[in-house]
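Below is one structure, written out as structure tokens, with a few remarks after it.
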Number of protein chains: 2
Amino acid sequence: MATDSYAHLAYYERLVLQIKTQILQGILLPGDKLPSVREMAKQEQLNPNTVAKAYKQLDQDGITYVEPGRGTFIAEPLTKVSTTAIAAFRPKFEAIVVEAKSLGISVDLLRQWLSEAEGKI
Amino acid sequence: MATDSYAHLAYYERLVLQIKTQILQGILLPGDKLPSVREMAKQEQLNPNTVAKAYKQLDQDGITYVEPGRGTFIAEPLTKVSTTAIAAFRPKFEAIVVEAKSLGISVDLLRQWLSEAEGKI
DNA sequence: ATTAGTGTACTATGTATAATAGTACACATC
DNA sequence: GATGTGTACTATTATACATAGTACACTAAT
């Protein structure tokens, strides 16, 4: 796996995050083919079932699409945002902010991180 | 438990977050005594062991302190921020940003949420 | 001294999830 | 037909969560 900064995540979640990041960074483009489940398993030193779980979630999230017998490909970016997805996501974000503040991290520093992240993705 | 917006968290983690939030909001002040493990368990409809786990984490995080035989009390706010804590926290924050962008949520909206959260805590 | 109320530690059980291993199948391509 | 796809199973191991119950050292009040 790429980094060990995400030890708090399960293997399949790290892989999902890694692929989502590469899409946002333009490394992976719509139509690009992902390595097969078995190939990715070799690359990332994971069990094929673990990779399959990651691919399944990417497919369910609309990040990728599957052409049966051919492989998994990067989908076009989402155009309209799901309001229910936003509503479900916001509490997660607010919880992170509370965690940060409890650690003594200022909101201004979070704003700075946000801008820096914006440059990367 | 207060809200069900945090279904993604374990019971003990929700309780930790709830107490941290109340501290940030000034509802709980340094020196205030938390309900006993058994009392809190009744209030929140939890097993005393689950509450004890939450109290243990709060103590380890320096959020509270224990006076043996007397109870658990809110500690003074952290003055100096642990650099290691920041280093460990940042990947979490960046992962959340990636998740948001993948859902189609703009960084500007995250900035807005940040400012709104700043008003609450 | 006794009693009651603290946090804490321990064992145990049931449930759920994560990650592994192995097998099998329908599909598309060559 | 052979190969490479994703997918669906079963099974095992390990870990985490939440529960239940018991016990102990400590403090405070009676």
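Letters for chains follow the order of the structure tokens (A, B, ...), residue numbers begin at 1 for each chain, and ligand numbers begin at 1 in the order shown.
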
Those of chain B in DSSP alpha helix (DSSP H), formatted as a count of residues only: 69

Chain C near chain A within 8 Å: what's each residue's closest atom pair and its distance in Å to one decimal, counting only C-alpha atoms (C1' of nucleotides), ordered by chain then ascending residue number, as a tab-separated table?
residue	atom	partner	partner_atom	distance
C:DA18	C1'	A:Ala10	CA	7.3
C:DA19	C1'	A:Thr50	CA	7.0
C:DT20	C1'	A:Asn47	CA	6.8
C:DC27	C1'	A:Gly69	CA	4.7
C:DA28	C1'	A:Gly69	CA	4.6

Quick one: residues within 12 Å of DA24 in chain C, only C-alpha atoms (C1' of nucleotides) counted, chain neighbours fewer than 4 positions away excluded, as a short mmCIF file (atom, residue, chain, number, x, y, z; two decimals) with N, CA, C and O atoms (P, O5', C5', C4', C3', O3' and C1' of nucleotides), in the first residue's frame?
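The file below, selection14.cif, is the result:
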data_model
loop_
_atom_site.label_atom_id
_atom_site.label_comp_id
_atom_site.auth_asym_id
_atom_site.auth_seq_id
_atom_site.Cartn_x
_atom_site.Cartn_y
_atom_site.Cartn_z
P DT D 7 -17.59 -6.65 -10.09
"O5'" DT D 7 -18.14 -8.08 -9.66
"C5'" DT D 7 -19.00 -8.78 -10.54
"C4'" DT D 7 -19.33 -10.15 -9.97
"C3'" DT D 7 -19.65 -10.16 -8.47
"O3'" DT D 7 -21.02 -10.41 -8.28
"C1'" DT D 7 -18.26 -12.00 -9.14
P DA D 8 -21.65 -10.37 -6.81
"O5'" DA D 8 -21.72 -11.91 -6.42
"C5'" DA D 8 -22.12 -12.86 -7.40
"C4'" DA D 8 -22.00 -14.26 -6.83
"C3'" DA D 8 -22.32 -14.34 -5.34
"O3'" DA D 8 -23.23 -15.40 -5.08
"C1'" DA D 8 -20.19 -15.30 -5.79
P DC D 9 -24.07 -15.39 -3.73
"O5'" DC D 9 -23.79 -16.84 -3.12
"C5'" DC D 9 -22.82 -16.96 -2.10
"C4'" DC D 9 -21.98 -18.21 -2.34
"C3'" DC D 9 -21.42 -18.80 -1.06
"O3'" DC D 9 -22.33 -19.77 -0.58
"C1'" DC D 9 -19.71 -18.63 -2.74
P DT D 10 -22.63 -19.86 0.99
"O5'" DT D 10 -21.47 -20.81 1.52
"C5'" DT D 10 -21.08 -21.95 0.75
"C4'" DT D 10 -19.72 -22.44 1.21
"C3'" DT D 10 -19.56 -22.46 2.73
"O3'" DT D 10 -19.22 -23.76 3.18
"C1'" DT D 10 -17.73 -21.33 1.70
#

Quick one: residues within 10 Å of range 2-12 of chain C, only C-alpha atoms (C1' of nucleotides), excluding same-chain residues fewer than 4 positions away - as a list in words?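 Within the cut-off, the hits are Ser36, Val37, Arg38, Ala52, Tyr55, Lys56, Val66, Glu67, Pro68, Gly69, Arg70, Gly71 and Thr72 of chain B; DA20, DG21, DT22, DA23, DC24, DA25, DC26, DT27, DA28, DA29 and DT30 of chain D.
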
Keeping only N, CA, C and O atoms (P, O5', C5', C4', C3', O3' and C1' of nucleotides), write the selected residues as a short mmCIF file (atom, residue, chain, number, x, y, z; two decimals), in the first residue's frame.
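Generated output (selection-v4.cif):
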data_model
loop_
_atom_site.label_atom_id
_atom_site.label_comp_id
_atom_site.auth_asym_id
_atom_site.auth_seq_id
_atom_site.Cartn_x
_atom_site.Cartn_y
_atom_site.Cartn_z
N SER B 36 -21.15 9.75 37.35
CA SER B 36 -20.38 8.53 37.55
C SER B 36 -20.63 7.57 36.39
O SER B 36 -21.58 7.72 35.64
N VAL B 37 -19.73 6.64 36.27
CA VAL B 37 -19.85 5.64 35.21
C VAL B 37 -21.23 5.00 35.23
O VAL B 37 -21.90 4.87 34.20
N ARG B 38 -21.67 4.62 36.43
CA ARG B 38 -22.96 3.93 36.53
C ARG B 38 -24.12 4.88 36.24
O ARG B 38 -25.12 4.48 35.62
N ALA B 52 -17.27 3.34 30.78
CA ALA B 52 -15.92 3.30 31.34
C ALA B 52 -14.87 3.41 30.25
O ALA B 52 -13.84 4.06 30.42
N TYR B 55 -14.71 7.03 29.23
CA TYR B 55 -14.03 7.82 30.26
C TYR B 55 -12.53 7.57 30.23
O TYR B 55 -11.73 8.48 30.44
N LYS B 56 -12.17 6.32 29.95
CA LYS B 56 -10.75 5.96 29.88
C LYS B 56 -10.06 6.71 28.74
O LYS B 56 -8.95 7.24 28.91
N VAL B 66 -8.93 12.03 36.78
CA VAL B 66 -9.64 11.20 37.74
C VAL B 66 -9.12 11.46 39.13
O VAL B 66 -7.90 11.48 39.35
N GLU B 67 -10.03 11.70 40.05
CA GLU B 67 -9.66 11.73 41.46
C GLU B 67 -10.16 10.44 42.07
O GLU B 67 -11.38 10.28 42.25
N PRO B 68 -9.24 9.54 42.38
CA PRO B 68 -9.63 8.19 42.84
C PRO B 68 -10.64 8.24 43.98
O PRO B 68 -10.41 8.93 44.97
N GLY B 69 -11.72 7.51 43.79
CA GLY B 69 -12.74 7.45 44.83
C GLY B 69 -13.73 8.60 44.78
O GLY B 69 -14.78 8.55 45.43
N ARG B 70 -13.38 9.68 43.99
CA ARG B 70 -14.27 10.83 43.97
C ARG B 70 -15.02 10.96 42.65
O ARG B 70 -16.22 11.22 42.63
N GLY B 71 -14.30 10.75 41.55
CA GLY B 71 -14.99 10.85 40.27
C GLY B 71 -14.09 11.34 39.15
O GLY B 71 -12.87 11.44 39.30
N THR B 72 -14.72 11.68 38.03
CA THR B 72 -14.00 12.17 36.86
C THR B 72 -14.37 13.62 36.61
O THR B 72 -15.55 13.99 36.66
P DA D 20 -26.89 -5.69 29.48
"O5'" DA D 20 -26.09 -6.82 30.27
"C5'" DA D 20 -26.26 -8.19 29.90
"C4'" DA D 20 -25.45 -9.07 30.86
"C3'" DA D 20 -25.58 -8.68 32.33
"O3'" DA D 20 -26.20 -9.73 33.06
"C1'" DA D 20 -23.29 -9.06 31.70
P DG D 21 -26.63 -9.44 34.60
"O5'" DG D 21 -25.34 -9.90 35.43
"C5'" DG D 21 -24.73 -11.15 35.13
"C4'" DG D 21 -23.36 -11.23 35.82
"C3'" DG D 21 -23.35 -10.71 37.26
"O3'" DG D 21 -23.13 -11.79 38.16
"C1'" DG D 21 -21.44 -9.99 36.01
P DT D 22 -23.15 -11.47 39.77
"O5'" DT D 22 -21.61 -11.28 40.11
"C5'" DT D 22 -20.66 -12.22 39.59
"C4'" DT D 22 -19.25 -11.76 39.90
"C3'" DT D 22 -19.04 -11.25 41.33
"O3'" DT D 22 -18.15 -12.11 42.03
"C1'" DT D 22 -18.00 -9.83 39.71
P DA D 23 -17.84 -11.80 43.63
"O5'" DA D 23 -16.54 -10.88 43.57
"C5'" DA D 23 -15.45 -11.26 42.72
"C4'" DA D 23 -14.39 -10.17 42.70
"C3'" DA D 23 -14.12 -9.56 44.09
"O3'" DA D 23 -12.75 -9.74 44.42
"C1'" DA D 23 -14.42 -7.88 42.41
P DC D 24 -12.25 -9.41 45.94
"O5'" DC D 24 -11.44 -8.05 45.77
"C5'" DC D 24 -10.48 -7.95 44.71
"C4'" DC D 24 -10.04 -6.50 44.55
"C3'" DC D 24 -9.84 -5.76 45.88
"O3'" DC D 24 -8.54 -5.21 45.94
"C1'" DC D 24 -11.15 -4.48 44.37
P DA D 25 -7.95 -4.78 47.39
"O5'" DA D 25 -7.56 -3.24 47.18
"C5'" DA D 25 -6.81 -2.87 46.02
"C4'" DA D 25 -6.93 -1.37 45.78
"C3'" DA D 25 -6.73 -0.53 47.04
"O3'" DA D 25 -5.95 0.62 46.74
"C1'" DA D 25 -8.86 -0.09 46.09
P DC D 26 -5.42 1.56 47.98
"O5'" DC D 26 -6.39 2.82 47.90
"C5'" DC D 26 -6.39 3.63 46.72
"C4'" DC D 26 -7.66 4.45 46.64
"C3'" DC D 26 -7.92 5.34 47.86
"O3'" DC D 26 -7.44 6.65 47.60
"C1'" DC D 26 -9.93 4.30 47.00
P DT D 27 -7.44 7.75 48.83
"O5'" DT D 27 -8.94 8.30 48.82
"C5'" DT D 27 -9.46 8.94 47.65
"C4'" DT D 27 -10.89 9.40 47.91
"C3'" DT D 27 -11.06 10.25 49.16
"O3'" DT D 27 -11.69 11.48 48.82
"C1'" DT D 27 -12.64 8.46 49.14
P DA D 28 -11.87 12.63 49.95
"O5'" DA D 28 -13.37 12.39 50.39
"C5'" DA D 28 -14.37 12.25 49.39
"C4'" DA D 28 -15.73 11.99 50.04
"C3'" DA D 28 -15.97 12.81 51.31
"O3'" DA D 28 -17.26 13.40 51.26
"C1'" DA D 28 -16.23 10.49 51.78
P DA D 29 -17.67 14.51 52.40
"O5'" DA D 29 -18.83 13.74 53.17
"C5'" DA D 29 -19.84 13.07 52.40
"C4'" DA D 29 -20.59 12.10 53.29
"C3'" DA D 29 -21.02 12.69 54.65
"O3'" DA D 29 -22.39 12.41 54.87
"C1'" DA D 29 -19.87 10.64 54.96
P DT D 30 -23.15 13.16 56.13
"O5'" DT D 30 -23.53 11.92 57.03
"C5'" DT D 30 -24.10 10.75 56.42
"C4'" DT D 30 -23.97 9.56 57.36
"C3'" DT D 30 -24.42 9.84 58.79
"O3'" DT D 30 -25.53 9.04 59.11
"C1'" DT D 30 -22.36 8.64 58.72
#

Run DSSP on the backbone and give me the residues of range 2-67 of chain B it puts in strand (DSSP E), as a ChimeraX atom specification. /B:64-67

Emit the selected residues as a PDB file, in the first residue's frame, including all heavy atoms.
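So the final result, stored in out.pdb, reads:
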ATOM      1  N   THR B  64      -9.976  14.823  30.557  1.00  0.00           N
ATOM      2  CA  THR B  64     -10.474  14.743  31.928  1.00  0.00           C
ATOM      3  C   THR B  64      -9.365  14.244  32.842  1.00  0.00           C
ATOM      4  O   THR B  64      -8.311  13.812  32.382  1.00  0.00           O
ATOM      5  CB  THR B  64     -11.669  13.773  32.026  1.00  0.00           C
ATOM      6  OG1 THR B  64     -11.255  12.484  31.584  1.00  0.00           O
ATOM      7  CG2 THR B  64     -12.839  14.253  31.172  1.00  0.00           C
ATOM      8  N   TYR B  65      -9.624  14.337  34.132  1.00  0.00           N
ATOM      9  CA  TYR B  65      -8.713  13.722  35.088  1.00  0.00           C
ATOM     10  C   TYR B  65      -9.544  13.014  36.140  1.00  0.00           C
ATOM     11  O   TYR B  65     -10.710  13.357  36.366  1.00  0.00           O
ATOM     12  CB  TYR B  65      -7.779  14.765  35.720  1.00  0.00           C
ATOM     13  CG  TYR B  65      -8.492  15.840  36.500  1.00  0.00           C
ATOM     14  CD1 TYR B  65      -8.713  15.718  37.870  1.00  0.00           C
ATOM     15  CD2 TYR B  65      -8.962  16.990  35.864  1.00  0.00           C
ATOM     16  CE1 TYR B  65      -9.361  16.702  38.588  1.00  0.00           C
ATOM     17  CE2 TYR B  65      -9.623  17.982  36.577  1.00  0.00           C
ATOM     18  CZ  TYR B  65      -9.827  17.830  37.940  1.00  0.00           C
ATOM     19  OH  TYR B  65     -10.491  18.814  38.635  1.00  0.00           O
ATOM     20  N   VAL B  66      -8.933  12.033  36.777  1.00  0.00           N
ATOM     21  CA  VAL B  66      -9.644  11.201  37.737  1.00  0.00           C
ATOM     22  C   VAL B  66      -9.122  11.460  39.128  1.00  0.00           C
ATOM     23  O   VAL B  66      -7.902  11.484  39.346  1.00  0.00           O
ATOM     24  CB  VAL B  66      -9.482   9.707  37.385  1.00  0.00           C
ATOM     25  CG1 VAL B  66     -10.111   8.839  38.467  1.00  0.00           C
ATOM     26  CG2 VAL B  66     -10.098   9.408  36.028  1.00  0.00           C
ATOM     27  N   GLU B  67     -10.031  11.695  40.047  1.00  0.00           N
ATOM     28  CA  GLU B  67      -9.657  11.728  41.460  1.00  0.00           C
ATOM     29  C   GLU B  67     -10.161  10.438  42.074  1.00  0.00           C
ATOM     30  O   GLU B  67     -11.378  10.281  42.253  1.00  0.00           O
ATOM     31  CB  GLU B  67     -10.250  12.957  42.153  1.00  0.00           C
ATOM     32  CG  GLU B  67      -9.649  14.274  41.675  1.00  0.00           C
ATOM     33  CD  GLU B  67     -10.023  15.449  42.577  1.00  0.00           C
ATOM     34  OE1 GLU B  67     -10.669  15.214  43.624  1.00  0.00           O
ATOM     35  OE2 GLU B  67      -9.667  16.587  42.235  1.00  0.00           O
TER      36      GLU B  67
END

Neighbours of chain A in chain D at 9 Å, counting only C-alpha atoms (C1' of nucleotides), as a ChimeraX atom specification: /D:4-7

Determine, using only C-alpha atoms, which residues of chain B have any atom at most 10 Å from an atom of chain A, and tabulate each with its shortest atom pair and distance in Å to one decimal place, rows ordered by chain and then rising number, as CSV.
residue,atom,partner,partner_atom,distance
B:Asp4,CA,A:Pro91,CA,9.9
B:Ser5,CA,A:Pro91,CA,6.2
B:Tyr6,CA,A:Pro91,CA,6.6
B:Ala7,CA,A:Pro91,CA,9.6
B:His8,CA,A:Lys92,CA,8.3
B:Leu9,CA,A:Lys92,CA,9.3
B:Arg14,CA,A:Ala95,CA,9.4
B:Val16,CA,A:Glu99,CA,9.8
B:Leu17,CA,A:Ala95,CA,7.2
B:Gln18,CA,A:Val98,CA,9.4
B:Lys20,CA,A:Ser102,CA,6.6
B:Thr21,CA,A:Val98,CA,6.4
B:Ile23,CA,A:Ser102,CA,8.7
B:Leu24,CA,A:Ser102,CA,7.5
B:Asp61,CA,A:Leu103,CA,8.4
B:Gly62,CA,A:Leu103,CA,9.4
B:Ile63,CA,A:Ser102,CA,7.9
B:Pro77,CA,A:Gly104,CA,8.2
B:Leu78,CA,A:Gly104,CA,6.5
B:Thr79,CA,A:Gly104,CA,7.6
B:Lys80,CA,A:Gly104,CA,7.6
B:Val81,CA,A:Gly104,CA,5.6
B:Ser82,CA,A:Leu103,CA,7.8
B:Thr83,CA,A:Leu103,CA,10.0
B:Ala85,CA,A:Leu103,CA,7.2
B:Ile86,CA,A:Ile105,CA,7.5
B:Ala87,CA,A:Ser5,CA,9.2
B:Ala88,CA,A:Ser5,CA,7.5
B:Phe89,CA,A:Ala100,CA,7.6
B:Arg90,CA,A:Trp113,CA,8.2
B:Pro91,CA,A:Ser5,CA,6.2
B:Lys92,CA,A:Tyr6,CA,7.4
B:Phe93,CA,A:Ile96,CA,7.1
B:Glu94,CA,A:Ala117,CA,6.9
B:Ala95,CA,A:Leu17,CA,7.2
B:Ile96,CA,A:Phe93,CA,7.1
B:Val97,CA,A:Ala117,CA,7.6
B:Val98,CA,A:Thr21,CA,6.3
B:Glu99,CA,A:Leu17,CA,7.6
B:Ala100,CA,A:Phe89,CA,7.6
B:Lys101,CA,A:Leu24,CA,7.8
B:Ser102,CA,A:Lys20,CA,6.7
B:Leu103,CA,A:Val81,CA,6.8
B:Gly104,CA,A:Val81,CA,5.6
B:Ile105,CA,A:Val81,CA,7.2
B:Ser106,CA,A:Glu118,CA,9.6
B:Val107,CA,A:Glu118,CA,7.0
B:Asp108,CA,A:Leu114,CA,9.4
B:Leu110,CA,A:Leu114,CA,8.3
B:Arg111,CA,A:Arg111,CA,7.0
B:Trp113,CA,A:Glu94,CA,7.9
B:Leu114,CA,A:Val107,CA,7.3
B:Ser115,CA,A:Val107,CA,8.2
B:Glu116,CA,A:Glu94,CA,9.6
B:Ala117,CA,A:Glu94,CA,6.8
B:Glu118,CA,A:Val107,CA,7.0
B:Ile121,CA,A:Val98,CA,7.9

State, in Å with one decimal place, the distance from C1' of DG1 in chain D to CA of Phe73 in chain A.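 So the two atoms, C1' of DG1 in chain D and CA of Phe73 in chain A, lie 27.7 Å apart.
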
Between B:Ile74, B:Thr84, B:Asp59, B:Ala54, which has the minimum distance to Leu34 in chain B (counting only C-alpha atoms)? B:Ile74

Could you check how far CA of Gly31 in chain A sits from CA of Glu13 in chain A, in Å to one decimal?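 Spanning CA of Gly31 in chain A to CA of Glu13 in chain A is a straight-line distance of 22.3 Å.
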
Would you work out the distance separating C1' of DT12 in chain D from CA of Glu39 in chain A, expressed in Å to one decimal?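 Separating C1' of DT12 in chain D from CA of Glu39 in chain A is a distance of 24.3 Å.
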
Excluding DT15 in chain C and its own-chain neighbours fewer than 2 positions away, which residues fall within 12 Å of it when counting only C-alpha atoms (C1' of nucleotides)? Please give them as a PyMOL selection string. (chain C and resi 13+17) or (chain D and resi 16-19)
